[in-house]
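Working notes, structure below.
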Amino acid sequence: MAGLSSLCGNIYPNETGTQIIIPFCIGGTIDIQIIRLCRTLSAIADAMRPLVAWQDVLNTILRTLVEELGYMAASVRQVDAECRTLMVIGAVGLSQEYLAKGAVEVDKSGLDREVLEGNVVDVPDVRLDNRLQYPEAAVHEGIGSILAAPLALRDRVIGVLRVYSAQPRQAPEIERHFLQSVGKLTARALISAQRTESLRNITRQIGSSLDVHEVLAAILRRTVGEMNFKGGIIRLLDPAGQHLELAAATGVSQAYLSKGVVEVERSAVDQQLLQGQSVMIYDVASDPRYQYPQEALREGIRSVLAVPLIAPDRSSPEGHKIIGVLRVYSAQPHRFGEEEVAYLHFIASLGAIALQNARLYDELHRRVDSLQPDENGWQRIV
């Protein structure tokens with residue numbers, strides 16, 4: 001993108017003012033709109049730096065769209081885990097009154113339903129389009145038209161990117177394709193920055209407490225929140241290796257947690273996990289490996305991603321041992337991508353380390369407590 005940016009900087013207006021001549025461009029001419037789009041993409045790419053807070057990345061992207069392309073405003077809303085509402089996580093050029101007008105409910109917003117299905121949607125005139133949930137508020141804000149694109153990660157849409165114009169207008173095809181690309185870049189930048197920030201927080205959490213259940217619960221809450229899923233569970237293998245016992249849970253009911261004992265020999269999923277494999281279930285209703293499908297459906301669970309908790313173990317020939325499992329649940333059928341699987345594996349490794357540290361601390365504390373003075377006043381372990 002840097003090469004494009006520098007190339008696009010050498011521009012010369014022609015007689016009509018609608019085109020520019022750039023040395024070495026194919027055909028010798030290029031439309032000025034394409035130059036602006038190239039410059040905008042270059043600025044957005046520059047904003048996607050590692051270790052930058054996700055809110056700063058998002059604000060830079062939205063400001064760039066407004067300043068470079070002349071929109072009156074831009075916003076990003078992220079869909080919740082149940083895919084019912086869209087929450088504002090960033091906005092430029094919109095009043096607080098407009099942003100606080102009310103929750104955007106997917107069932108009531110035809111515009112957002114179409115976008116969450118993966119489509120770019122153009123609203124040329126907000127006064128005439130019945131797909132808007134709050135048309136009066138848009139008119140009051142001075143919005144004439146809206147162009148919306150999905151924040152898409154492969155087959156998963158995590159939110160909606162909107163740009164607003166003051167006048168009614170039909171967005172040309174090139175603008176629609178451009179915003180679709182920006183939506184993909186924004187989704188990737190947002191997820192990357194959020195997860196980097198989450199990993200820093202999780203690492204701090206591990207160092208701040210030696211209470212194993214407290215640490216595992218905190219790790220699980222952050223992971224489910226960052227991955228925007230319905231819930232999750234961490235279970236630990238009992239000493240006999242026959243059952244998986246609950247250690248932490250979030251986003252699931254007590255009724256679901258009490259559905260029954262998780263026996264390794266009766267759970268094909270857990271047998272795979274305890275062999276060191278990750279497991280992806282697209283639909284619990286049709287996958288025979290799931291031990292409690294009806295209970296999962298009643299809970300609102302449709303897809304599952306599970307990974308083993310693997311801890312270092314010098315006494316094992318493999319140099320490690322599997323001590324438990326981590327599962328996250330999606331409320332909609334979802335095909336998990338490689339990045340999601342890799343991220344969850346990394347989280348599981350942190351959880352295993354936290355658990356091992358807590359157990360080592362407990363053992364050390366037990367040994368210190370067992371120190372007793374002998375007849376000469378020396379300390380010995382009893």
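FYI, nothing fancy with the structure tokens labels: chains A, B, ... in order, residues from 1 per chain, ligands from 1 as they appear.
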
- prompt: Do you know which residues are at most 6 Å from region 251-267 of chain A counting only C-alpha atoms, after dropping those on the same chain fewer than 3 positions away, and could you put them as a list in words?
  reply: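 Residues near the query, excluding close chain neighbours: Lys230, Gly231, Gln242, His243, Leu244, Asp270 and Gln291 of chain A.
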
How would the residues just chosen look if you wrote them out with N, CA, C and O atoms as an mmCIF file, in the first residue's frame?
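This went into result13.cif:
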```
data_model
loop_
_atom_site.group_PDB
_atom_site.id
_atom_site.type_symbol
_atom_site.label_atom_id
_atom_site.label_comp_id
_atom_site.auth_asym_id
_atom_site.auth_seq_id
_atom_site.Cartn_x
_atom_site.Cartn_y
_atom_site.Cartn_z
ATOM 1 N N LYS A 230 -21.449 -17.308 22.838
ATOM 2 C CA LYS A 230 -22.497 -17.365 23.854
ATOM 3 C C LYS A 230 -21.935 -17.682 25.236
ATOM 4 O O LYS A 230 -22.322 -17.060 26.242
ATOM 5 N N GLY A 231 -21.046 -18.651 25.320
ATOM 6 C CA GLY A 231 -20.527 -19.069 26.611
ATOM 7 C C GLY A 231 -19.367 -20.020 26.470
ATOM 8 O O GLY A 231 -18.876 -20.274 25.369
ATOM 9 N N GLN A 242 -11.251 -40.632 34.453
ATOM 10 C CA GLN A 242 -12.539 -41.154 33.991
ATOM 11 C C GLN A 242 -13.602 -40.080 33.800
ATOM 12 O O GLN A 242 -14.522 -40.252 32.996
ATOM 13 N N HIS A 243 -13.499 -38.995 34.541
ATOM 14 C CA HIS A 243 -14.507 -37.935 34.475
ATOM 15 C C HIS A 243 -13.833 -36.581 34.232
ATOM 16 O O HIS A 243 -12.651 -36.397 34.531
ATOM 17 N N LEU A 244 -14.634 -35.659 33.701
ATOM 18 C CA LEU A 244 -14.197 -34.269 33.554
ATOM 19 C C LEU A 244 -15.038 -33.422 34.494
ATOM 20 O O LEU A 244 -16.267 -33.366 34.361
ATOM 21 N N ASP A 270 -14.769 -35.727 24.011
ATOM 22 C CA ASP A 270 -13.721 -35.638 25.014
ATOM 23 C C ASP A 270 -12.627 -36.683 24.799
ATOM 24 O O ASP A 270 -11.464 -36.455 25.145
ATOM 25 N N GLN A 291 -22.448 -35.579 23.567
ATOM 26 C CA GLN A 291 -23.054 -36.451 24.572
ATOM 27 C C GLN A 291 -24.456 -35.999 24.997
ATOM 28 O O GLN A 291 -25.321 -36.810 25.279
#
```

Could you give me, as an mmCIF file with all heavy atoms, in the first residue's frame, the residues within 6 Å of region 323-338 of chain A, counting only C-alpha atoms and dropping anything in the same chain fewer than 2 positions from it?
```cif
data_model
loop_
_atom_site.group_PDB
_atom_site.id
_atom_site.type_symbol
_atom_site.label_atom_id
_atom_site.label_comp_id
_atom_site.auth_asym_id
_atom_site.auth_seq_id
_atom_site.Cartn_x
_atom_site.Cartn_y
_atom_site.Cartn_z
ATOM 1 N N GLU A 82 -25.692 -13.399 20.697
ATOM 2 C CA GLU A 82 -26.950 -14.015 20.309
ATOM 3 C C GLU A 82 -27.460 -13.505 18.965
ATOM 4 O O GLU A 82 -28.510 -13.945 18.492
ATOM 5 C CB GLU A 82 -28.015 -13.744 21.383
ATOM 6 C CG GLU A 82 -27.644 -14.232 22.775
ATOM 7 C CD GLU A 82 -27.667 -15.742 22.888
ATOM 8 O OE1 GLU A 82 -28.289 -16.380 22.018
ATOM 9 O OE2 GLU A 82 -27.083 -16.276 23.841
ATOM 10 N N PHE A 229 -18.782 -15.142 21.654
ATOM 11 C CA PHE A 229 -19.594 -16.338 21.652
ATOM 12 C C PHE A 229 -20.554 -16.330 22.833
ATOM 13 O O PHE A 229 -20.464 -15.491 23.722
ATOM 14 C CB PHE A 229 -18.714 -17.588 21.680
ATOM 15 C CG PHE A 229 -17.995 -17.831 20.371
ATOM 16 C CD1 PHE A 229 -16.664 -18.202 20.355
ATOM 17 C CD2 PHE A 229 -18.651 -17.686 19.165
ATOM 18 C CE1 PHE A 229 -15.993 -18.423 19.163
ATOM 19 C CE2 PHE A 229 -17.998 -17.896 17.958
ATOM 20 C CZ PHE A 229 -16.670 -18.272 17.961
ATOM 21 N N LYS A 230 -21.449 -17.308 22.838
ATOM 22 C CA LYS A 230 -22.497 -17.365 23.854
ATOM 23 C C LYS A 230 -21.935 -17.682 25.236
ATOM 24 O O LYS A 230 -22.322 -17.060 26.242
ATOM 25 C CB LYS A 230 -23.533 -18.423 23.473
ATOM 26 C CG LYS A 230 -24.554 -18.728 24.566
ATOM 27 C CD LYS A 230 -25.496 -19.824 24.153
ATOM 28 C CE LYS A 230 -26.395 -20.226 25.318
ATOM 29 N NZ LYS A 230 -27.131 -19.104 25.905
ATOM 30 N N GLY A 231 -21.046 -18.651 25.320
ATOM 31 C CA GLY A 231 -20.527 -19.069 26.611
ATOM 32 C C GLY A 231 -19.367 -20.020 26.470
ATOM 33 O O GLY A 231 -18.876 -20.274 25.369
ATOM 34 N N GLY A 232 -18.934 -20.572 27.614
ATOM 35 C CA GLY A 232 -17.818 -21.496 27.588
ATOM 36 C C GLY A 232 -17.678 -22.227 28.905
ATOM 37 O O GLY A 232 -18.259 -21.827 29.927
ATOM 38 N N ILE A 233 -16.919 -23.308 28.876
ATOM 39 C CA ILE A 233 -16.714 -24.151 30.054
ATOM 40 C C ILE A 233 -15.268 -24.649 30.064
ATOM 41 O O ILE A 233 -14.705 -24.964 29.012
ATOM 42 C CB ILE A 233 -17.677 -25.359 30.057
ATOM 43 C CG1 ILE A 233 -19.108 -24.918 30.395
ATOM 44 C CG2 ILE A 233 -17.232 -26.433 31.042
ATOM 45 C CD1 ILE A 233 -20.113 -26.063 30.357
ATOM 46 N N ILE A 234 -14.683 -24.706 31.245
ATOM 47 C CA ILE A 234 -13.412 -25.400 31.449
ATOM 48 C C ILE A 234 -13.678 -26.567 32.387
ATOM 49 O O ILE A 234 -14.252 -26.389 33.476
ATOM 50 C CB ILE A 234 -12.336 -24.475 32.039
ATOM 51 C CG1 ILE A 234 -11.956 -23.381 31.032
ATOM 52 C CG2 ILE A 234 -11.081 -25.273 32.425
ATOM 53 C CD1 ILE A 234 -10.958 -22.368 31.567
ATOM 54 N N ARG A 235 -13.286 -27.760 31.965
ATOM 55 C CA ARG A 235 -13.398 -28.946 32.813
ATOM 56 C C ARG A 235 -12.011 -29.570 32.976
ATOM 57 O O ARG A 235 -11.219 -29.593 32.030
ATOM 58 C CB ARG A 235 -14.362 -29.982 32.216
ATOM 59 C CG ARG A 235 -15.819 -29.529 32.239
ATOM 60 C CD ARG A 235 -16.746 -30.642 31.751
ATOM 61 N NE ARG A 235 -18.134 -30.214 31.729
ATOM 62 C CZ ARG A 235 -18.965 -30.288 32.757
ATOM 63 N NH1 ARG A 235 -18.532 -30.794 33.905
ATOM 64 N NH2 ARG A 235 -20.210 -29.882 32.641
ATOM 65 N N LEU A 236 -11.748 -30.116 34.169
ATOM 66 C CA LEU A 236 -10.459 -30.722 34.479
ATOM 67 C C LEU A 236 -10.625 -32.223 34.665
ATOM 68 O O LEU A 236 -11.628 -32.685 35.218
ATOM 69 C CB LEU A 236 -9.857 -30.093 35.736
ATOM 70 C CG LEU A 236 -9.637 -28.579 35.682
ATOM 71 C CD1 LEU A 236 -9.057 -28.080 36.996
ATOM 72 C CD2 LEU A 236 -8.741 -28.194 34.518
ATOM 73 N N LEU A 237 -9.649 -32.951 34.203
ATOM 74 C CA LEU A 237 -9.670 -34.406 34.299
ATOM 75 C C LEU A 237 -9.427 -34.842 35.741
ATOM 76 O O LEU A 237 -8.510 -34.339 36.407
ATOM 77 C CB LEU A 237 -8.593 -34.975 33.383
ATOM 78 C CG LEU A 237 -8.634 -36.478 33.083
ATOM 79 C CD1 LEU A 237 -9.909 -36.848 32.330
ATOM 80 C CD2 LEU A 237 -7.401 -36.868 32.270
ATOM 81 N N TYR A 282 -20.194 -28.270 14.081
ATOM 82 C CA TYR A 282 -20.966 -27.228 13.397
ATOM 83 C C TYR A 282 -22.383 -27.157 13.926
ATOM 84 O O TYR A 282 -22.935 -26.076 14.114
ATOM 85 C CB TYR A 282 -20.968 -27.487 11.894
ATOM 86 C CG TYR A 282 -21.796 -26.497 11.115
ATOM 87 C CD1 TYR A 282 -21.380 -25.172 10.984
ATOM 88 C CD2 TYR A 282 -23.002 -26.877 10.525
ATOM 89 C CE1 TYR A 282 -22.144 -24.253 10.275
ATOM 90 C CE2 TYR A 282 -23.767 -25.968 9.818
ATOM 91 C CZ TYR A 282 -23.338 -24.650 9.698
ATOM 92 O OH TYR A 282 -24.092 -23.750 9.000
ATOM 93 N N ASP A 283 -23.012 -28.307 14.184
ATOM 94 C CA ASP A 283 -24.394 -28.321 14.661
ATOM 95 C C ASP A 283 -24.556 -29.485 15.640
ATOM 96 O O ASP A 283 -24.489 -30.661 15.244
ATOM 97 C CB ASP A 283 -25.365 -28.472 13.497
ATOM 98 C CG ASP A 283 -26.813 -28.202 13.906
ATOM 99 O OD1 ASP A 283 -27.094 -28.210 15.127
ATOM 100 O OD2 ASP A 283 -27.652 -27.976 13.026
ATOM 101 N N GLY A 300 -29.647 -23.218 23.919
ATOM 102 C CA GLY A 300 -29.365 -22.253 22.852
ATOM 103 C C GLY A 300 -27.990 -22.415 22.252
ATOM 104 O O GLY A 300 -27.458 -21.485 21.633
ATOM 105 N N ILE A 301 -27.387 -23.586 22.402
ATOM 106 C CA ILE A 301 -26.059 -23.870 21.850
ATOM 107 C C ILE A 301 -26.227 -24.589 20.518
ATOM 108 O O ILE A 301 -26.958 -25.577 20.422
ATOM 109 C CB ILE A 301 -25.236 -24.751 22.816
ATOM 110 C CG1 ILE A 301 -24.954 -23.994 24.112
ATOM 111 C CG2 ILE A 301 -23.934 -25.214 22.158
ATOM 112 C CD1 ILE A 301 -24.358 -24.861 25.213
ATOM 113 N N ARG A 302 -25.534 -24.108 19.467
ATOM 114 C CA ARG A 302 -25.595 -24.759 18.164
ATOM 115 C C ARG A 302 -24.241 -25.277 17.701
ATOM 116 O O ARG A 302 -24.154 -26.358 17.137
ATOM 117 C CB ARG A 302 -26.179 -23.806 17.117
ATOM 118 C CG ARG A 302 -27.630 -23.444 17.338
ATOM 119 C CD ARG A 302 -28.538 -24.667 17.340
ATOM 120 N NE ARG A 302 -28.475 -25.425 16.112
ATOM 121 C CZ ARG A 302 -29.226 -25.176 15.041
ATOM 122 N NH1 ARG A 302 -30.094 -24.169 15.057
ATOM 123 N NH2 ARG A 302 -29.127 -25.923 13.963
ATOM 124 N N SER A 303 -23.189 -24.481 17.915
ATOM 125 C CA SER A 303 -21.850 -24.901 17.490
ATOM 126 C C SER A 303 -20.897 -24.898 18.674
ATOM 127 O O SER A 303 -21.067 -24.106 19.614
ATOM 128 C CB SER A 303 -21.319 -23.979 16.389
ATOM 129 O OG SER A 303 -22.079 -24.109 15.208
ATOM 130 N N VAL A 304 -19.888 -25.768 18.594
ATOM 131 C CA VAL A 304 -18.932 -25.922 19.694
ATOM 132 C C VAL A 304 -17.522 -26.003 19.139
ATOM 133 O O VAL A 304 -17.276 -26.683 18.137
ATOM 134 C CB VAL A 304 -19.221 -27.204 20.516
ATOM 135 C CG1 VAL A 304 -18.241 -27.326 21.682
ATOM 136 C CG2 VAL A 304 -20.660 -27.219 21.014
ATOM 137 N N LEU A 305 -16.606 -25.303 19.796
ATOM 138 C CA LEU A 305 -15.175 -25.451 19.541
ATOM 139 C C LEU A 305 -14.529 -25.842 20.850
ATOM 140 O O LEU A 305 -14.720 -25.171 21.874
ATOM 141 C CB LEU A 305 -14.571 -24.145 19.016
ATOM 142 C CG LEU A 305 -13.038 -24.107 18.884
ATOM 143 C CD1 LEU A 305 -12.537 -25.175 17.933
ATOM 144 C CD2 LEU A 305 -12.581 -22.720 18.427
ATOM 145 N N ALA A 306 -13.780 -26.939 20.842
ATOM 146 C CA ALA A 306 -13.155 -27.435 22.072
ATOM 147 C C ALA A 306 -11.694 -27.768 21.814
ATOM 148 O O ALA A 306 -11.336 -28.298 20.756
ATOM 149 C CB ALA A 306 -13.896 -28.678 22.569
ATOM 150 N N VAL A 307 -10.841 -27.455 22.796
ATOM 151 C CA VAL A 307 -9.413 -27.743 22.706
ATOM 152 C C VAL A 307 -8.935 -28.317 24.038
ATOM 153 O O VAL A 307 -9.528 -28.047 25.087
ATOM 154 C CB VAL A 307 -8.585 -26.484 22.358
ATOM 155 C CG1 VAL A 307 -8.977 -25.936 21.001
ATOM 156 C CG2 VAL A 307 -8.743 -25.416 23.437
ATOM 157 N N PRO A 308 -7.868 -29.118 24.019
ATOM 158 C CA PRO A 308 -7.351 -29.670 25.271
ATOM 159 C C PRO A 308 -6.502 -28.666 26.044
ATOM 160 O O PRO A 308 -5.888 -27.768 25.451
ATOM 161 C CB PRO A 308 -6.487 -30.842 24.799
ATOM 162 C CG PRO A 308 -6.049 -30.451 23.426
ATOM 163 C CD PRO A 308 -7.175 -29.641 22.840
ATOM 164 N N LEU A 309 -6.481 -28.797 27.359
ATOM 165 C CA LEU A 309 -5.551 -28.061 28.211
ATOM 166 C C LEU A 309 -4.316 -28.942 28.386
ATOM 167 O O LEU A 309 -4.395 -30.024 28.978
ATOM 168 C CB LEU A 309 -6.169 -27.760 29.577
ATOM 169 C CG LEU A 309 -6.929 -26.425 29.719
ATOM 170 C CD1 LEU A 309 -8.154 -26.415 28.822
ATOM 171 C CD2 LEU A 309 -7.325 -26.174 31.166
ATOM 172 N N GLU A 340 -9.383 -18.724 14.837
ATOM 173 C CA GLU A 340 -10.131 -18.949 16.079
ATOM 174 C C GLU A 340 -9.598 -20.173 16.820
ATOM 175 O O GLU A 340 -9.453 -20.165 18.047
ATOM 176 C CB GLU A 340 -11.622 -19.128 15.760
ATOM 177 C CG GLU A 340 -12.287 -17.847 15.300
ATOM 178 C CD GLU A 340 -13.699 -18.072 14.806
ATOM 179 O OE1 GLU A 340 -13.922 -19.037 14.056
ATOM 180 O OE2 GLU A 340 -14.590 -17.284 15.174
ATOM 181 N N VAL A 341 -9.300 -21.230 16.065
ATOM 182 C CA VAL A 341 -8.771 -22.446 16.681
ATOM 183 C C VAL A 341 -7.400 -22.169 17.309
ATOM 184 O O VAL A 341 -7.128 -22.565 18.449
ATOM 185 C CB VAL A 341 -8.670 -23.584 15.646
ATOM 186 C CG1 VAL A 341 -8.028 -24.828 16.269
ATOM 187 C CG2 VAL A 341 -10.051 -23.933 15.097
#
```

task: Return as a PyMOL selection string the full set of residues in region 45-268 of chain A whose backbone-based DSSP assignment is strand (DSSP E or B).
output: chain A and resi 73-79+85-92+104-105+121-123+145-153+156-165+231-237+243-250+262-263

message: Restricting the calculation to only C-alpha atoms: of A:Ala296, A:Val120, A:Ala217, A:Leu274, which residue gets closest to Ala149 (chain A)?
response: A:Val120

Contacts of region 129-133 of chain A within 12 Å, only C-alpha atoms, excl. fewer than 2 positions in-chain, as an MDAnalysis selection string: chainID A and resid 85:86 101:115 121:127 135:139 144:146 148 168

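You will find CA of Asn357 (chain A) at 23.9 Å from CA of Ser278 (chain A).
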
- prompt: Suppose you want the space between CA of Tyr134 (chain A) and CA of Ala171 (chain A); what is it in Å?
  reply: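 These atoms are spaced 21.0 Å apart.
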